[in-house]
>>> print(open('query.pdb').read())   # PDB, C-alpha atoms
MODEL        1
ATOM      1  CA  MET A   1      -8.594 -33.590  -8.078  1.00  0.00           C
ATOM      2  CA  ASN A   2      -7.768 -37.117  -9.275  1.00  0.00           C
ATOM      3  CA  ALA A   3      -5.565 -37.668  -6.230  1.00  0.00           C
ATOM      4  CA  LEU A   4      -8.431 -36.696  -3.905  1.00  0.00           C
ATOM      5  CA  VAL A   5     -10.801 -39.087  -5.697  1.00  0.00           C
ATOM      6  CA  GLY A   6      -8.180 -41.858  -5.411  1.00  0.00           C
ATOM      7  CA  LEU A   7      -7.785 -41.297  -1.661  1.00  0.00           C
ATOM      8  CA  LEU A   8     -11.536 -41.343  -1.114  1.00  0.00           C
ATOM      9  CA  SER A   9     -11.772 -44.523  -3.188  1.00  0.00           C
ATOM     10  CA  LEU A  10      -9.090 -46.218  -1.063  1.00  0.00           C
ATOM     11  CA  LEU A  11     -10.951 -45.165   2.055  1.00  0.00           C
ATOM     12  CA  GLY A  12     -14.163 -46.639   0.629  1.00  0.00           C
ATOM     13  CA  ILE A  13     -12.369 -49.897  -0.214  1.00  0.00           C
ATOM     14  CA  MET A  14     -11.077 -50.173   3.363  1.00  0.00           C
ATOM     15  CA  VAL A  15     -14.537 -49.458   4.794  1.00  0.00           C
ATOM     16  CA  GLY A  16     -16.067 -52.075   2.413  1.00  0.00           C
ATOM     17  CA  LEU A  17     -13.526 -54.734   3.384  1.00  0.00           C
ATOM     18  CA  ILE A  18     -14.202 -54.124   7.074  1.00  0.00           C
ATOM     19  CA  SER A  19     -17.929 -54.301   6.414  1.00  0.00           C
ATOM     20  CA  VAL A  20     -17.508 -57.669   4.671  1.00  0.00           C
ATOM     21  CA  ALA A  21     -16.263 -59.029   7.982  1.00  0.00           C
ATOM     22  CA  VAL A  22     -18.466 -56.944  10.282  1.00  0.00           C
ATOM     23  CA  PRO A  23     -21.205 -54.846   8.595  1.00  0.00           C
ATOM     24  CA  LEU A  24     -20.981 -51.229   9.732  1.00  0.00           C
ATOM     25  CA  ARG A  25     -24.636 -50.451  10.231  1.00  0.00           C
ATOM     26  CA  PHE A  26     -24.028 -46.817  11.315  1.00  0.00           C
ATOM     27  CA  LEU A  27     -22.694 -46.248   7.744  1.00  0.00           C
ATOM     28  CA  LYS A  28     -25.887 -47.733   6.252  1.00  0.00           C
ATOM     29  CA  ILE A  29     -24.058 -50.971   5.335  1.00  0.00           C
ATOM     30  CA  HIS A  30     -26.502 -53.537   6.704  1.00  0.00           C
ATOM     31  CA  SER A  31     -25.240 -56.660   4.891  1.00  0.00           C
ATOM     32  CA  ARG A  32     -22.120 -58.218   3.364  1.00  0.00           C
ATOM     33  CA  ARG A  33     -23.689 -57.933  -0.097  1.00  0.00           C
ATOM     34  CA  ILE A  34     -23.837 -54.143   0.228  1.00  0.00           C
ATOM     35  CA  ALA A  35     -20.220 -54.196   1.506  1.00  0.00           C
ATOM     36  CA  LEU A  36     -19.089 -56.090  -1.619  1.00  0.00           C
ATOM     37  CA  MET A  37     -20.901 -53.555  -3.795  1.00  0.00           C
ATOM     38  CA  VAL A  38     -19.091 -50.725  -1.983  1.00  0.00           C
ATOM     39  CA  VAL A  39     -15.723 -52.460  -2.521  1.00  0.00           C
ATOM     40  CA  ALA A  40     -16.418 -52.975  -6.235  1.00  0.00           C
ATOM     41  CA  THR A  41     -17.608 -49.403  -6.788  1.00  0.00           C
ATOM     42  CA  CYS A  42     -14.677 -47.855  -4.917  1.00  0.00           C
ATOM     43  CA  SER A  43     -12.204 -50.122  -6.739  1.00  0.00           C
ATOM     44  CA  ALA A  44     -13.572 -49.033 -10.127  1.00  0.00           C
ATOM     45  CA  THR A  45     -13.386 -45.371  -9.074  1.00  0.00           C
ATOM     46  CA  PHE A  46      -9.809 -45.825  -7.804  1.00  0.00           C
ATOM     47  CA  PHE A  47      -8.571 -47.400 -11.038  1.00  0.00           C
ATOM     48  CA  ALA A  48     -10.311 -44.711 -13.117  1.00  0.00           C
ATOM     49  CA  ALA A  49      -8.637 -41.960 -11.073  1.00  0.00           C
ATOM     50  CA  VAL A  50      -5.228 -43.627 -11.481  1.00  0.00           C
ATOM     51  CA  ALA A  51      -5.758 -43.967 -15.227  1.00  0.00           C
ATOM     52  CA  LEU A  52      -6.714 -40.292 -15.579  1.00  0.00           C
ATOM     53  CA  ASP A  53      -3.940 -39.066 -13.316  1.00  0.00           C
ATOM     54  CA  GLY A  54      -1.173 -40.820 -15.296  1.00  0.00           C
ATOM     55  CA  PRO A  55      -1.446 -38.744 -18.554  1.00  0.00           C
ATOM     56  CA  ALA A  56      -1.841 -35.550 -16.534  1.00  0.00           C
ATOM     57  CA  ARG A  57       1.418 -36.140 -14.666  1.00  0.00           C
ATOM     58  CA  ALA A  58       3.421 -36.956 -17.794  1.00  0.00           C
ATOM     59  CA  PRO A  59       3.557 -33.359 -19.219  1.00  0.00           C
ATOM     60  CA  ALA A  60       4.379 -31.924 -15.788  1.00  0.00           C
ATOM     61  CA  GLU A  61       7.211 -34.402 -15.260  1.00  0.00           C
ATOM     62  CA  SER A  62       8.572 -33.780 -18.761  1.00  0.00           C
ATOM     63  CA  ALA A  63       8.418 -30.016 -18.168  1.00  0.00           C
ATOM     64  CA  LYS A  64      10.298 -30.443 -14.892  1.00  0.00           C
ATOM     65  CA  ALA A  65      12.915 -32.580 -16.640  1.00  0.00           C
ATOM     66  CA  VAL A  66      13.367 -29.974 -19.395  1.00  0.00           C
ATOM     67  CA  SER A  67      13.624 -27.156 -16.828  1.00  0.00           C
ATOM     68  CA  ALA A  68      16.190 -29.107 -14.789  1.00  0.00           C
ATOM     69  CA  SER A  69      18.269 -29.864 -17.889  1.00  0.00           C
ATOM     70  CA  THR A  70      18.112 -26.207 -18.960  1.00  0.00           C
ATOM     71  CA  GLN A  71      19.221 -24.978 -15.550  1.00  0.00           C
ATOM     72  CA  GLN A  72      22.031 -27.544 -15.493  1.00  0.00           C
ATOM     73  CA  ALA A  73      23.188 -26.426 -18.924  1.00  0.00           C
ATOM     74  CA  LEU A  74      23.120 -22.777 -17.889  1.00  0.00           C
ATOM     75  CA  ALA A  75      25.012 -23.553 -14.696  1.00  0.00           C
ATOM     76  CA  SER A  76      27.604 -25.621 -16.506  1.00  0.00           C
ATOM     77  CA  SER A  77      28.357 -22.929 -19.128  1.00  0.00           C
ATOM     78  CA  PRO A  78      29.756 -19.811 -17.413  1.00  0.00           C
ATOM     79  CA  VAL A  79      29.596 -16.485 -19.248  1.00  0.00           C
ATOM     80  CA  ASP A  80      32.868 -15.527 -20.901  1.00  0.00           C
ATOM     81  CA  ASP A  81      33.737 -11.873 -20.246  1.00  0.00           C
ATOM     82  CA  GLY A  82      36.748 -11.889 -22.615  1.00  0.00           C
ATOM     83  CA  CYS A  83      39.256 -11.253 -19.856  1.00  0.00           C
ATOM     84  CA  GLN A  84      41.008 -14.568 -20.543  1.00  0.00           C
ATOM     85  CA  LEU A  85      42.019 -13.561 -24.070  1.00  0.00           C
ATOM     86  CA  ALA A  86      45.611 -12.739 -24.902  1.00  0.00           C
ATOM     87  CA  GLY A  87      46.419  -9.041 -24.651  1.00  0.00           C
ATOM     88  CA  ALA A  88      43.420  -8.160 -22.440  1.00  0.00           C
ATOM     89  CA  LEU A  89      43.620  -5.273 -19.989  1.00  0.00           C
ATOM     90  CA  PRO A  90      45.292  -5.974 -16.629  1.00  0.00           C
ATOM     91  CA  ASN A  91      42.184  -4.732 -14.780  1.00  0.00           C
ATOM     92  CA  CYS A  92      39.754  -6.260 -17.263  1.00  0.00           C
ATOM     93  CA  LYS A  93      37.371  -7.648 -14.663  1.00  0.00           C
ATOM     94  CA  GLU A  94      37.134  -4.245 -12.906  1.00  0.00           C
ATOM     95  CA  GLU A  95      36.372  -2.514 -16.204  1.00  0.00           C
ATOM     96  CA  VAL A  96      33.721  -5.117 -17.035  1.00  0.00           C
ATOM     97  CA  ALA A  97      32.167  -4.582 -13.593  1.00  0.00           C
ATOM     98  CA  LYS A  98      32.124  -0.793 -14.194  1.00  0.00           C
ATOM     99  CA  ILE A  99      30.495  -1.308 -17.590  1.00  0.00           C
ATOM    100  CA  ALA A 100      27.872  -3.583 -16.042  1.00  0.00           C
ATOM    101  CA  ALA A 101      27.125  -0.961 -13.363  1.00  0.00           C
ATOM    102  CA  ALA A 102      26.902   1.776 -16.006  1.00  0.00           C
ATOM    103  CA  LYS A 103      24.587  -0.396 -18.099  1.00  0.00           C
ATOM    104  CA  ALA A 104      22.326  -0.982 -15.109  1.00  0.00           C
ATOM    105  CA  ALA A 105      22.257   2.761 -14.322  1.00  0.00           C
ATOM    106  CA  ASN A 106      21.699   3.965 -17.922  1.00  0.00           C
ATOM    107  CA  PRO A 107      20.172   1.157 -20.022  1.00  0.00           C
ATOM    108  CA  SER A 108      19.210   3.616 -22.782  1.00  0.00           C
ATOM    109  CA  LEU A 109      22.888   4.168 -23.599  1.00  0.00           C
ATOM    110  CA  PHE A 110      23.297   0.489 -24.411  1.00  0.00           C
ATOM    111  CA  SER A 111      20.155   0.048 -26.514  1.00  0.00           C
ATOM    112  CA  ARG A 112      20.463  -1.567 -29.937  1.00  0.00           C
ATOM    113  CA  SER A 113      18.812   1.368 -31.729  1.00  0.00           C
ATOM    114  CA  GLY A 114      22.192   3.016 -32.432  1.00  0.00           C
ATOM    115  CA  PRO A 115      24.929   1.824 -34.754  1.00  0.00           C
ATOM    116  CA  SER A 116      26.100  -1.709 -34.140  1.00  0.00           C
ATOM    117  CA  PRO A 117      29.434  -1.995 -32.331  1.00  0.00           C
ATOM    118  CA  THR A 118      32.502  -3.078 -34.231  1.00  0.00           C
ATOM    119  CA  LYS A 119      33.061  -6.810 -34.244  1.00  0.00           C
ATOM    120  CA  GLN A 120      35.879  -8.097 -32.065  1.00  0.00           C
ATOM    121  CA  THR A 121      38.932  -8.745 -34.222  1.00  0.00           C
ATOM    122  CA  ASN A 122      41.548  -9.261 -31.557  1.00  0.00           C
ATOM    123  CA  GLY A 123      41.763  -9.085 -27.800  1.00  0.00           C
ATOM    124  CA  SER A 124      44.278  -6.234 -27.658  1.00  0.00           C
ATOM    125  CA  ASN A 125      42.129  -3.593 -29.435  1.00  0.00           C
ATOM    126  CA  SER A 126      38.462  -4.487 -28.939  1.00  0.00           C
ATOM    127  CA  ALA A 127      38.295  -4.197 -25.142  1.00  0.00           C
ATOM    128  CA  PRO A 128      39.902  -0.688 -24.881  1.00  0.00           C
ATOM    129  CA  ASN A 129      37.798   0.577 -27.795  1.00  0.00           C
ATOM    130  CA  TYR A 130      34.619  -0.741 -26.208  1.00  0.00           C
ATOM    131  CA  VAL A 131      35.511   0.874 -22.871  1.00  0.00           C
ATOM    132  CA  ASP A 132      36.304   4.158 -24.642  1.00  0.00           C
ATOM    133  CA  ASP A 133      32.971   4.068 -26.459  1.00  0.00           C
ATOM    134  CA  VAL A 134      31.131   3.495 -23.214  1.00  0.00           C
ATOM    135  CA  MET A 135      32.984   6.318 -21.464  1.00  0.00           C
ATOM    136  CA  ASN A 136      32.324   8.646 -24.408  1.00  0.00           C
ATOM    137  CA  LYS A 137      28.617   7.824 -24.276  1.00  0.00           C
ATOM    138  CA  LEU A 138      28.568   8.506 -20.543  1.00  0.00           C
ATOM    139  CA  LYS A 139      30.372  11.832 -21.026  1.00  0.00           C
ATOM    140  CA  ALA A 140      27.998  12.804 -23.834  1.00  0.00           C
ATOM    141  CA  SER A 141      25.013  11.958 -21.659  1.00  0.00           C
ATOM    142  CA  GLU A 142      26.467  13.975 -18.778  1.00  0.00           C
ATOM    143  CA  ALA A 143      27.159  16.950 -21.074  1.00  0.00           C
ATOM    144  CA  SER A 144      23.612  16.798 -22.457  1.00  0.00           C
ATOM    145  CA  ALA A 145      22.218  16.701 -18.926  1.00  0.00           C
ATOM    146  CA  ASN A 146      24.356  19.713 -17.960  1.00  0.00           C
ATOM    147  CA  VAL A 147      23.155  21.659 -21.001  1.00  0.00           C
ATOM    148  CA  LYS A 148      19.539  20.880 -20.168  1.00  0.00           C
ATOM    149  CA  ALA A 149      20.130  21.910 -16.554  1.00  0.00           C
ATOM    150  CA  LEU A 150      21.676  25.226 -17.641  1.00  0.00           C
ATOM    151  CA  ALA A 151      18.789  25.895 -20.021  1.00  0.00           C
ATOM    152  CA  ALA A 152      16.283  25.149 -17.277  1.00  0.00           C
ATOM    153  CA  GLN A 153      18.178  27.434 -14.873  1.00  0.00           C
ATOM    154  CA  ARG A 154      18.136  30.241 -17.442  1.00  0.00           C
ATOM    155  CA  GLU A 155      14.422  29.847 -18.009  1.00  0.00           C
ATOM    156  CA  TYR A 156      13.859  29.890 -14.258  1.00  0.00           C
ATOM    157  CA  ASP A 157      15.963  33.053 -13.862  1.00  0.00           C
ATOM    158  CA  ALA A 158      14.116  34.754 -16.735  1.00  0.00           C
ATOM    159  CA  ALA A 159      10.741  33.813 -15.273  1.00  0.00           C
ATOM    160  CA  LYS A 160      11.852  35.050 -11.851  1.00  0.00           C
ATOM    161  CA  PHE A 161      13.021  38.365 -13.366  1.00  0.00           C
ATOM    162  CA  ARG A 162       9.709  38.797 -15.203  1.00  0.00           C
ATOM    163  CA  SER A 163       7.815  38.032 -12.015  1.00  0.00           C
ATOM    164  CA  GLU A 164       9.848  40.543 -10.004  1.00  0.00           C
ATOM    165  CA  THR A 165       9.377  43.193 -12.727  1.00  0.00           C
ATOM    166  CA  ALA A 166       5.622  42.636 -12.787  1.00  0.00           C
ATOM    167  CA  ASN A 167       5.520  42.791  -8.993  1.00  0.00           C
ATOM    168  CA  ASN A 168       7.446  46.078  -8.979  1.00  0.00           C
ATOM    169  CA  ARG A 169       5.107  47.536 -11.589  1.00  0.00           C
ATOM    170  CA  PHE A 170       2.093  46.465  -9.578  1.00  0.00           C
ATOM    171  CA  GLU A 171       3.495  48.033  -6.402  1.00  0.00           C
ATOM    172  CA  SER A 172       4.279  51.238  -8.314  1.00  0.00           C
ATOM    173  CA  ALA A 173       0.739  51.311  -9.718  1.00  0.00           C
ATOM    174  CA  VAL A 174      -0.706  50.828  -6.228  1.00  0.00           C
ATOM    175  CA  LYS A 175       1.438  53.670  -4.875  1.00  0.00           C
ATOM    176  CA  ASN A 176       0.389  55.955  -7.736  1.00  0.00           C
ATOM    177  CA  TYR A 177      -3.229  55.095  -7.110  1.00  0.00           C
ATOM    178  CA  ASP A 178      -2.883  55.861  -3.400  1.00  0.00           C
ATOM    179  CA  THR A 179      -1.171  59.165  -4.169  1.00  0.00           C
ATOM    180  CA  ALA A 180      -3.834  60.126  -6.715  1.00  0.00           C
ATOM    181  CA  SER A 181      -6.649  59.174  -4.339  1.00  0.00           C
ATOM    182  CA  GLN A 182      -5.108  61.232  -1.522  1.00  0.00           C
ATOM    183  CA  ARG A 183      -4.674  64.212  -3.867  1.00  0.00           C
ATOM    184  CA  TYR A 184      -8.278  63.900  -5.035  1.00  0.00           C
ATOM    185  CA  LYS A 185      -9.477  63.739  -1.448  1.00  0.00           C
ATOM    186  CA  LEU A 186      -7.501  66.849  -0.521  1.00  0.00           C
ATOM    187  CA  GLU A 187      -8.886  68.715  -3.501  1.00  0.00           C
ATOM    188  CA  SER A 188     -12.400  67.578  -2.693  1.00  0.00           C
ATOM    189  CA  ASP A 189     -12.050  68.671   0.940  1.00  0.00           C
ATOM    190  CA  SER A 190     -10.632  72.007  -0.184  1.00  0.00           C
ATOM    191  CA  ARG A 191     -13.575  72.619  -2.527  1.00  0.00           C
ATOM    192  CA  ILE A 192     -16.089  71.677   0.151  1.00  0.00           C
ATOM    193  CA  TYR A 193     -14.366  74.081   2.553  1.00  0.00           C
ATOM    194  CA  ASP A 194     -14.462  76.899  -0.024  1.00  0.00           C
ATOM    195  CA  LEU A 195     -18.153  76.255  -0.691  1.00  0.00           C
ATOM    196  CA  ARG A 196     -18.932  76.448   3.008  1.00  0.00           C
ATOM    197  CA  ILE A 197     -17.056  79.746   3.329  1.00  0.00           C
ATOM    198  CA  GLN A 198     -18.943  81.154   0.344  1.00  0.00           C
ATOM    199  CA  GLU A 199     -22.267  80.073   1.839  1.00  0.00           C
ATOM    200  CA  ARG A 200     -21.409  81.768   5.129  1.00  0.00           C
ATOM    201  CA  GLU A 201     -20.456  84.968   3.314  1.00  0.00           C
ATOM    202  CA  ARG A 202     -23.764  84.926   1.436  1.00  0.00           C
ATOM    203  CA  GLU A 203     -25.643  84.302   4.657  1.00  0.00           C
ATOM    204  CA  ARG A 204     -23.942  87.287   6.297  1.00  0.00           C
ATOM    205  CA  GLN A 205     -24.666  89.507   3.330  1.00  0.00           C
ATOM    206  CA  ARG A 206     -28.293  88.461   3.317  1.00  0.00           C
ATOM    207  CA  ARG A 207     -28.685  89.201   7.026  1.00  0.00           C
ATOM    208  CA  GLY A 208     -26.922  92.559   6.581  1.00  0.00           C
ATOM    209  CA  TYR A 209     -23.911  92.077   8.732  1.00  0.00           C
TER     210      TYR A 209
ENDMDL
END
>>> encode(input="query.pdb", output="structure tokens")
Amino acid sequence: MNALVGLLSLLGIMVGLISVAVPLRFLKIHSRRIALMVVATCSATFFAAVALDGPARAPAESAKAVSASTQQALASSPVDDGCQLAGALPNCKEEVAKIAAAKAANPSLFSRSGPSPTKQTNGSNSAPNYVDDVMNKLKASEASANVKALAAQREYDAAKFRSETANNRFESAVKNYDTASQRYKLESDSRIYDLRIQERERERQRRGY
């Protein structure tokens, strides 16, 4: 905002100086006195904008300097992976890369909620122990996942068996109902037939046949 005000002030100063020589009547500057007033006003506005813009730039420049120094310090201090110590594993860098990949895949295994790892006493024992701990955690996680998968499979099989049993019972009940309804219909038809025969016999007897 201050920069925009400064640019407009410079433009006003230039227009005022031109109007001192030749008044620009289309800009409502009809005399050199008005041109001098424009130059004075724009000069005061320009210096005020510069004065306000200076303190505002100081924190930004200091923040940039601090950020640049921090990045330079981080770039100048590489991370030590411990592979340069005496007695380290021959394929130390490969193991560290595997551990980093495992940490990215399962960050919960490397959380700080568990017991703190043993402090590094020497290079010959700490690296293999750390790798063994990581591999053991991965195996434990895999075993837990397998157990959960087996339990879920058993529950699915049990639910499927219960569903099939209920379906078989339902089909058996439907068949029994159909059989009973057919039997009832046959009995009903048989009774109706017997009643009709009895009525015919009574009709014959009444007519004297």
>>> atom_distance(input="query.pdb", atom1="CA of Phe161 (chain A)", atom2="CA of Ala173 (chain A)")
18.2 Å
>>> residues_around(input="query.pdb", residues="Gly12 (chain A)", least_positions_apart="5", cutoff="12 Å", atoms="all atoms listed in the file", output="list of chain:residue names")
A:Val5, A:Gly6, A:Leu7, A:Leu17, A:Ile18, A:Ser19, A:Leu27, A:Ile29, A:Ala35, A:Leu36, A:Met37, A:Val38, A:Val39, A:Ala40, A:Thr41, A:Cys42, A:Ser43, A:Ala44, A:Thr45, A:Phe46
>>> atom_distance(input="query.pdb", atom1="CA of Lys185 (chain A)", atom2="CA of Arg169 (chain A)")
24.0 Å
>>> atom_distance(input="query.pdb", atom1="CA of Lys137 (chain A)", atom2="CA of Ala97 (chain A)")
16.8 Å
>>> closest_residue(input="query.pdb", among="A:Ala51, A:Met135, A:Glu164, A:Asp194", to="Glu95 (chain A)", atoms="only C-alpha atoms")
A:Met135
>>> closest_residue(input="query.pdb", among="A:Val15, A:Ala159, A:Ala149, A:Ile99", to="Asp132 (chain A)", atoms="all atoms listed in the file")
A:Ile99
>>> axis_aligned_box(input="query.pdb", around="region 171-176 of chain A", padding_each_side="3 Å", output="JSON")
{"center_x": 1.8, "center_y": 52.0, "center_z": -7.3, "size_x": 11.0, "size_y": 13.9, "size_z": 10.8}
>>> closest_residue(input="query.pdb", among="A:Leu4, A:Ala140, A:Asp133, A:Arg191", to="Ala49 (chain A)", atoms="only C-alpha atoms")
A:Leu4
